[in-house]
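Chemist: Next up is a structure, given as structure tokens.
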Amino acid sequence: MELRELKYFLAVAKAESITKAAETLYVTQPNLSRQMKNLEAELGRQLFERGRRKITLTEAGKLLKKRAAEILELYGRTEQEIKSPDGTVAGDVRVGGGETRAFRLVAEAAARLNKRHPEVTLHIYSGDGEAIAERLDKGLIDFGIFIEPTDLAGYEHIRLPVTDMWGIFVRRDHPLARKQSVTAADLAGEPLIRSRHSLGNSLVSEWFGGDDGLNIVATYNLLYNASLLAERGLGCAVGLDGLLNTDDGPLCFKPLDPPLRSRLNVAWKRGQVFSPAAAAFLTELKDVIAAVK
């Protein structure tokens, strides 16, 4: 497979039409159609279901779409980094992580980096620990922010000098809103909205005494979306404090009792060769962390 073929394939997948994709690529329709057939022959798999009105992807096509996007993104990053003049700190720094107040430290490091090297661009990817680890392993991001407990055996990492407090976000007219804090007994039988990261082998599940028997009505990976469900009365959203404005909104935050806090780590691949921009960001982040300590 050539990079050009992957670009053409993604264009067809997006347009759902050989004709429309050919127009955007400025190539002829017969030429593009022939290249897609050659790609299918090379891989030995059918990539498209060719209907009368549009083209859809087969399961193999869906997999190639995901991998092709990752390959082209990584190629673009590598090309940009290699072409950067020696001694120049410019380009992209990519950071992934879940929602956490600890991101303020990342933001401070980014602000300092921008003052020193304004040609550096920061890209943020939001997701749960599994998604961030996948992007980190594939080299699609430089750094990942992980909430403990997380297996970081394959990474270099720095523990951030902050912790996040767990609790529930609940409507102000809910009976639990009158309590200073909530216990596992208080939440027994209550409809809960849980982050996918907090399920299974996690501190939150341990605090509950296990997930069995809990009334989990929804799961999430972004707390804002969970807050909308909680606002509609679907249940109590279990999450980290400080991520939502609860001063004058319909929800309030109640910490867990006994208190539960999570530590956080910034991690990167072991043996990672950083671009000048990523190396400069890590230096700024270490300085920010040292100042907090």
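By order in the structure tokens, chains are A, B, ...; within a chain, residues start at 1; ligands start at 1, following the order shown.
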Might you pull out every residue within 6 Å of range 36-49 of chain A, with only C-alpha atoms counted and same-chain residues fewer than 6 positions away left off, and present them as JSON, numbers by chain?
Modeler: {"A": [55, 56, 57, 58, 60, 61]}
Chemist: Create the file for the chosen residues now, containing N, CA and C atoms and written as a PDB file, in the first residue's frame.
Modeler:
ATOM      1  N   ILE A  55     -21.630   4.245  -1.643  1.00  0.00           N
ATOM      2  CA  ILE A  55     -20.704   3.177  -1.291  1.00  0.00           C
ATOM      3  C   ILE A  55     -20.572   3.132   0.229  1.00  0.00           C
ATOM      4  N   THR A  56     -20.658   1.956   0.799  1.00  0.00           N
ATOM      5  CA  THR A  56     -20.456   1.787   2.236  1.00  0.00           C
ATOM      6  C   THR A  56     -19.261   0.858   2.466  1.00  0.00           C
ATOM      7  N   LEU A  57     -18.717   0.923   3.642  1.00  0.00           N
ATOM      8  CA  LEU A  57     -17.534   0.126   3.960  1.00  0.00           C
ATOM      9  C   LEU A  57     -17.924  -1.237   4.518  1.00  0.00           C
ATOM     10  N   THR A  58     -17.172  -2.246   4.129  1.00  0.00           N
ATOM     11  CA  THR A  58     -17.289  -3.555   4.766  1.00  0.00           C
ATOM     12  C   THR A  58     -16.574  -3.490   6.118  1.00  0.00           C
ATOM     13  N   ALA A  60     -13.866  -5.029   6.865  1.00  0.00           N
ATOM     14  CA  ALA A  60     -12.455  -4.841   6.544  1.00  0.00           C
ATOM     15  C   ALA A  60     -12.188  -3.391   6.162  1.00  0.00           C
ATOM     16  N   GLY A  61     -13.131  -2.781   5.443  1.00  0.00           N
ATOM     17  CA  GLY A  61     -12.990  -1.379   5.065  1.00  0.00           C
ATOM     18  C   GLY A  61     -12.996  -0.462   6.264  1.00  0.00           C
TER      19      GLY A  61
END
Chemist: Can you list, as a PyMOL selection string, every residue of range 47-222 of chain A that DSSP puts in alpha helix (DSSP H)?
Modeler: chain A and resi 59-83+103-116+129-137+184-187+203-208
Chemist: Please, which residues in range 225-275 of chain A fall within 12 Å of range 166-169 of chain A when counting only C-alpha atoms, and what is the closest atom pair and distance in Å to one decimal for each, ordered by chain then residue number, as a Markdown table?
Modeler:
| residue | atom | partner | partner_atom | distance |
| --- | --- | --- | --- | --- |
| A:Ala226 | CA | A:Phe169 | CA | 9.2 |
| A:Ser227 | CA | A:Phe169 | CA | 7.2 |
| A:Leu228 | CA | A:Phe169 | CA | 10.4 |
| A:Leu229 | CA | A:Phe169 | CA | 10.4 |
| A:Ala230 | CA | A:Phe169 | CA | 7.2 |
| A:Glu231 | CA | A:Phe169 | CA | 9.0 |
| A:Gly233 | CA | A:Phe169 | CA | 10.9 |
| A:Leu234 | CA | A:Phe169 | CA | 11.5 |
| A:Gly235 | CA | A:Phe169 | CA | 9.0 |
| A:Cys236 | CA | A:Phe169 | CA | 5.8 |
| A:Ala237 | CA | A:Phe169 | CA | 5.0 |
| A:Val238 | CA | A:Ile168 | CA | 4.4 |
| A:Gly239 | CA | A:Trp166 | CA | 5.6 |
| A:Leu240 | CA | A:Trp166 | CA | 4.6 |
| A:Asp241 | CA | A:Trp166 | CA | 6.2 |
| A:Gly242 | CA | A:Trp166 | CA | 9.9 |
| A:Leu243 | CA | A:Phe169 | CA | 10.5 |
| A:Leu244 | CA | A:Phe169 | CA | 8.9 |
| A:Asn245 | CA | A:Phe169 | CA | 10.6 |
| A:Thr246 | CA | A:Phe169 | CA | 8.7 |
| A:Gly249 | CA | A:Phe169 | CA | 11.0 |
| A:Pro250 | CA | A:Phe169 | CA | 9.7 |
| A:Leu251 | CA | A:Phe169 | CA | 6.0 |
| A:Cys252 | CA | A:Phe169 | CA | 5.5 |
| A:Phe253 | CA | A:Phe169 | CA | 4.7 |
| A:Lys254 | CA | A:Ile168 | CA | 5.4 |
| A:Pro255 | CA | A:Gly167 | CA | 3.9 |
| A:Leu256 | CA | A:Gly167 | CA | 4.8 |
| A:Asp257 | CA | A:Gly167 | CA | 8.5 |
| A:Pro258 | CA | A:Trp166 | CA | 10.3 |
| A:Pro259 | CA | A:Trp166 | CA | 7.5 |
| A:Leu260 | CA | A:Trp166 | CA | 5.6 |
| A:Arg261 | CA | A:Trp166 | CA | 6.0 |
| A:Ser262 | CA | A:Trp166 | CA | 7.7 |
| A:Arg263 | CA | A:Trp166 | CA | 11.2 |
Chemist: Choose the residue, out of A:Asp287, A:Asp137, A:Glu5, A:Glu79, that has the smallest atom-to-atom separation from Gln272 in chain A; count only C-alpha atoms.
Modeler: A:Asp137
Chemist: Would you mind telling me which residue in A:Gly91, A:Pro161, A:Pro191, A:Gly51 lies nearest to Pro276 in chain A when using only C-alpha atoms?
Modeler: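 Among A:Gly91, A:Pro161, A:Pro191, A:Gly51, it is A:Gly91 that comes nearest to Pro276 in chain A.
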Chemist: If you run DSSP on the backbone, which residues of range 196-233 of chain A are strand (DSSP E), as a list in words?
Modeler: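 The strand (DSSP E) residues within range 196-233 of chain A come out as Asn215, Ile216, Val217, Ala218, Thr219 and Tyr220 of chain A.
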Chemist: Can I get the selected residues back with all heavy atoms, as a PDB file, in the first residue's frame?
Modeler:
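Result went into out12.pdb, see below:
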ATOM      1  N   ASN A 215     -26.972  -0.048  40.883  1.00  0.00           N
ATOM      2  CA  ASN A 215     -27.962   0.308  39.865  1.00  0.00           C
ATOM      3  C   ASN A 215     -27.325   1.310  38.886  1.00  0.00           C
ATOM      4  O   ASN A 215     -27.563   2.513  38.956  1.00  0.00           O
ATOM      5  CB  ASN A 215     -29.201   0.907  40.524  1.00  0.00           C
ATOM      6  CG  ASN A 215     -30.289   1.236  39.507  1.00  0.00           C
ATOM      7  OD1 ASN A 215     -30.260   0.755  38.377  1.00  0.00           O
ATOM      8  ND2 ASN A 215     -31.245   2.049  39.907  1.00  0.00           N
ATOM      9  N   ILE A 216     -26.485   0.799  37.987  1.00  0.00           N
ATOM     10  CA  ILE A 216     -25.797   1.645  37.018  1.00  0.00           C
ATOM     11  C   ILE A 216     -26.698   1.792  35.791  1.00  0.00           C
ATOM     12  O   ILE A 216     -26.922   0.838  35.048  1.00  0.00           O
ATOM     13  CB  ILE A 216     -24.436   1.056  36.632  1.00  0.00           C
ATOM     14  CG1 ILE A 216     -23.549   0.926  37.883  1.00  0.00           C
ATOM     15  CG2 ILE A 216     -23.751   1.916  35.571  1.00  0.00           C
ATOM     16  CD1 ILE A 216     -22.229   0.226  37.631  1.00  0.00           C
ATOM     17  N   VAL A 217     -27.189   2.996  35.574  1.00  0.00           N
ATOM     18  CA  VAL A 217     -28.147   3.229  34.485  1.00  0.00           C
ATOM     19  C   VAL A 217     -27.482   3.790  33.233  1.00  0.00           C
ATOM     20  O   VAL A 217     -28.084   3.805  32.154  1.00  0.00           O
ATOM     21  CB  VAL A 217     -29.280   4.180  34.939  1.00  0.00           C
ATOM     22  CG1 VAL A 217     -30.093   3.550  36.054  1.00  0.00           C
ATOM     23  CG2 VAL A 217     -28.715   5.536  35.385  1.00  0.00           C
ATOM     24  N   ALA A 218     -26.254   4.287  33.364  1.00  0.00           N
ATOM     25  CA  ALA A 218     -25.548   4.834  32.201  1.00  0.00           C
ATOM     26  C   ALA A 218     -24.059   4.914  32.511  1.00  0.00           C
ATOM     27  O   ALA A 218     -23.656   4.983  33.680  1.00  0.00           O
ATOM     28  CB  ALA A 218     -26.073   6.233  31.834  1.00  0.00           C
ATOM     29  N   THR A 219     -23.241   4.876  31.465  1.00  0.00           N
ATOM     30  CA  THR A 219     -21.802   5.080  31.607  1.00  0.00           C
ATOM     31  C   THR A 219     -21.376   6.224  30.688  1.00  0.00           C
ATOM     32  O   THR A 219     -22.082   6.565  29.737  1.00  0.00           O
ATOM     33  CB  THR A 219     -21.004   3.810  31.248  1.00  0.00           C
ATOM     34  OG1 THR A 219     -21.209   3.491  29.860  1.00  0.00           O
ATOM     35  CG2 THR A 219     -21.426   2.645  32.124  1.00  0.00           C
ATOM     36  N   TYR A 220     -20.208   6.802  30.973  1.00  0.00           N
ATOM     37  CA  TYR A 220     -19.749   7.945  30.191  1.00  0.00           C
ATOM     38  C   TYR A 220     -18.231   7.972  30.146  1.00  0.00           C
ATOM     39  O   TYR A 220     -17.564   7.292  30.921  1.00  0.00           O
ATOM     40  CB  TYR A 220     -20.278   9.253  30.798  1.00  0.00           C
ATOM     41  CG  TYR A 220     -19.635   9.626  32.123  1.00  0.00           C
ATOM     42  CD1 TYR A 220     -18.472  10.398  32.173  1.00  0.00           C
ATOM     43  CD2 TYR A 220     -20.177   9.201  33.340  1.00  0.00           C
ATOM     44  CE1 TYR A 220     -17.877  10.736  33.381  1.00  0.00           C
ATOM     45  CE2 TYR A 220     -19.583   9.538  34.556  1.00  0.00           C
ATOM     46  CZ  TYR A 220     -18.438  10.304  34.563  1.00  0.00           C
ATOM     47  OH  TYR A 220     -17.837  10.640  35.762  1.00  0.00           O
TER      48      TYR A 220
END
Chemist: Closest to Asp173 in chain A among A:Ala290, A:Asn265, A:Arg232, A:Leu187, using only C-alpha atoms?
Modeler: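 Between A:Ala290, A:Asn265, A:Arg232, A:Leu187, the residue approaching Asp173 in chain A most closely is A:Arg232.
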Chemist: From the options A:Val95, A:Leu32, A:Leu6, A:Ala15, which residue's atoms come nearest to Lys65 in chain A, counting only C-alpha atoms?
Modeler: A:Leu6
Chemist: Give the answer as one residue: which of A:Ala111, A:Gly154, A:Ala277, A:Met1 has the shortest atom-to-atom distance to Gln80 in chain A, using only C-alpha atoms?
Modeler: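 Answer, going by the shortest atom-to-atom distance: A:Ala277.
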Chemist: Restricting the calculation to only C-alpha atoms, which member of A:Gly96, A:Tyr75, A:Asp247, A:Ala21 is positioned closest to Arg172 in chain A?
Modeler: A:Asp247
Chemist: To one decimal in Å, tell me the separation between CA of Glu99 in chain A and CA of Ser275 in chain A.
Modeler: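 Going from CA of Glu99 in chain A over to CA of Ser275 in chain A covers 25.7 Å.
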Chemist: Give me the residues within 12 Å of Phe274 in chain A as an MDAnalysis selection string, counting only C-alpha atoms and dropping any in the same chain fewer than 3 places off.
Modeler: chainID A and resid 77:78 81:82 89 91:94 139 141:143 268:271 277:283
Chemist: Selected residues, N, CA, C and O atoms, written as an mmCIF file, in the first residue's frame, please.
Modeler:
data_model
loop_
_atom_site.group_PDB
_atom_site.id
_atom_site.type_symbol
_atom_site.label_atom_id
_atom_site.label_comp_id
_atom_site.auth_asym_id
_atom_site.auth_seq_id
_atom_site.Cartn_x
_atom_site.Cartn_y
_atom_site.Cartn_z
ATOM 1 N N ARG A 77 3.164 13.805 11.136
ATOM 2 C CA ARG A 77 3.940 14.253 12.302
ATOM 3 C C ARG A 77 5.425 14.040 12.063
ATOM 4 O O ARG A 77 6.253 14.923 12.326
ATOM 5 N N THR A 78 5.777 12.847 11.579
ATOM 6 C CA THR A 78 7.183 12.523 11.365
ATOM 7 C C THR A 78 7.805 13.448 10.329
ATOM 8 O O THR A 78 8.928 13.953 10.514
ATOM 9 N N GLU A 81 8.384 16.908 11.840
ATOM 10 C CA GLU A 81 9.479 16.964 12.809
ATOM 11 C C GLU A 81 10.838 16.888 12.122
ATOM 12 O O GLU A 81 11.787 17.589 12.500
ATOM 13 N N ILE A 82 10.947 16.046 11.102
ATOM 14 C CA ILE A 82 12.231 15.892 10.419
ATOM 15 C C ILE A 82 12.574 17.143 9.621
ATOM 16 O O ILE A 82 13.746 17.548 9.535
ATOM 17 N N VAL A 89 12.536 25.191 17.813
ATOM 18 C CA VAL A 89 11.494 24.561 18.626
ATOM 19 C C VAL A 89 10.157 25.008 18.051
ATOM 20 O O VAL A 89 9.671 26.109 18.305
ATOM 21 N N GLY A 91 6.363 23.241 15.874
ATOM 22 C CA GLY A 91 5.615 22.039 15.551
ATOM 23 C C GLY A 91 4.519 21.758 16.550
ATOM 24 O O GLY A 91 4.011 22.665 17.213
ATOM 25 N N ASP A 92 4.166 20.480 16.678
ATOM 26 C CA ASP A 92 3.009 20.078 17.459
ATOM 27 C C ASP A 92 3.405 19.272 18.696
ATOM 28 O O ASP A 92 4.353 18.489 18.663
ATOM 29 N N VAL A 93 2.650 19.488 19.763
ATOM 30 C CA VAL A 93 2.735 18.654 20.961
ATOM 31 C C VAL A 93 1.337 18.122 21.218
ATOM 32 O O VAL A 93 0.378 18.899 21.282
ATOM 33 N N ARG A 94 1.212 16.817 21.362
ATOM 34 C CA ARG A 94 -0.093 16.184 21.525
ATOM 35 C C ARG A 94 -0.198 15.543 22.905
ATOM 36 O O ARG A 94 0.642 14.725 23.275
ATOM 37 N N GLY A 139 2.037 6.063 19.067
ATOM 38 C CA GLY A 139 2.800 7.251 18.742
ATOM 39 C C GLY A 139 1.961 8.396 18.219
ATOM 40 O O GLY A 139 2.492 9.349 17.633
ATOM 41 N N ILE A 141 0.102 10.365 20.164
ATOM 42 C CA ILE A 141 0.223 11.462 21.120
ATOM 43 C C ILE A 141 1.575 11.338 21.809
ATOM 44 O O ILE A 141 2.197 10.270 21.816
ATOM 45 N N ASP A 142 2.034 12.446 22.358
ATOM 46 C CA ASP A 142 3.332 12.454 23.039
ATOM 47 C C ASP A 142 3.213 12.098 24.514
ATOM 48 O O ASP A 142 4.097 11.436 25.072
ATOM 49 N N PHE A 143 2.147 12.573 25.150
ATOM 50 C CA PHE A 143 1.968 12.388 26.597
ATOM 51 C C PHE A 143 0.520 12.007 26.889
ATOM 52 O O PHE A 143 -0.408 12.446 26.203
ATOM 53 N N TRP A 268 4.681 8.812 29.216
ATOM 54 C CA TRP A 268 5.083 8.765 27.820
ATOM 55 C C TRP A 268 5.773 7.428 27.578
ATOM 56 O O TRP A 268 6.153 6.720 28.509
ATOM 57 N N LYS A 269 5.906 7.053 26.314
ATOM 58 C CA LYS A 269 6.476 5.755 25.983
ATOM 59 C C LYS A 269 7.915 5.645 26.476
ATOM 60 O O LYS A 269 8.690 6.592 26.364
ATOM 61 N N ARG A 270 8.249 4.472 27.004
ATOM 62 C CA ARG A 270 9.617 4.234 27.454
ATOM 63 C C ARG A 270 10.557 4.261 26.244
ATOM 64 O O ARG A 270 10.289 3.637 25.210
ATOM 65 N N GLY A 271 11.653 5.015 26.361
ATOM 66 C CA GLY A 271 12.584 5.141 25.254
ATOM 67 C C GLY A 271 12.128 6.098 24.173
ATOM 68 O O GLY A 271 12.695 6.109 23.074
ATOM 69 N N ALA A 277 9.886 20.176 20.195
ATOM 70 C CA ALA A 277 8.701 20.787 20.807
ATOM 71 C C ALA A 277 8.224 19.979 22.007
ATOM 72 O O ALA A 277 7.916 20.525 23.069
ATOM 73 N N ALA A 278 8.163 18.647 21.862
ATOM 74 C CA ALA A 278 7.716 17.793 22.964
ATOM 75 C C ALA A 278 8.708 17.828 24.122
ATOM 76 O O ALA A 278 8.319 17.842 25.294
ATOM 77 N N ALA A 279 10.003 17.838 23.800
ATOM 78 C CA ALA A 279 11.027 17.909 24.848
ATOM 79 C C ALA A 279 10.923 19.218 25.616
ATOM 80 O O ALA A 279 11.059 19.250 26.854
ATOM 81 N N ALA A 280 10.668 20.322 24.906
ATOM 82 C CA ALA A 280 10.528 21.619 25.563
ATOM 83 C C ALA A 280 9.291 21.644 26.451
ATOM 84 O O ALA A 280 9.318 22.208 27.557
ATOM 85 N N PHE A 281 8.209 21.005 25.991
ATOM 86 C CA PHE A 281 7.000 20.946 26.810
ATOM 87 C C PHE A 281 7.257 20.172 28.099
ATOM 88 O O PHE A 281 6.834 20.589 29.183
ATOM 89 N N LEU A 282 7.949 19.049 28.000
ATOM 90 C CA LEU A 282 8.227 18.249 29.190
ATOM 91 C C LEU A 282 9.082 19.025 30.186
ATOM 92 O O LEU A 282 8.866 18.946 31.405
ATOM 93 N N THR A 283 10.038 19.790 29.693
ATOM 94 C CA THR A 283 10.862 20.625 30.566
ATOM 95 C C THR A 283 9.998 21.635 31.315
ATOM 96 O O THR A 283 10.144 21.821 32.539
#
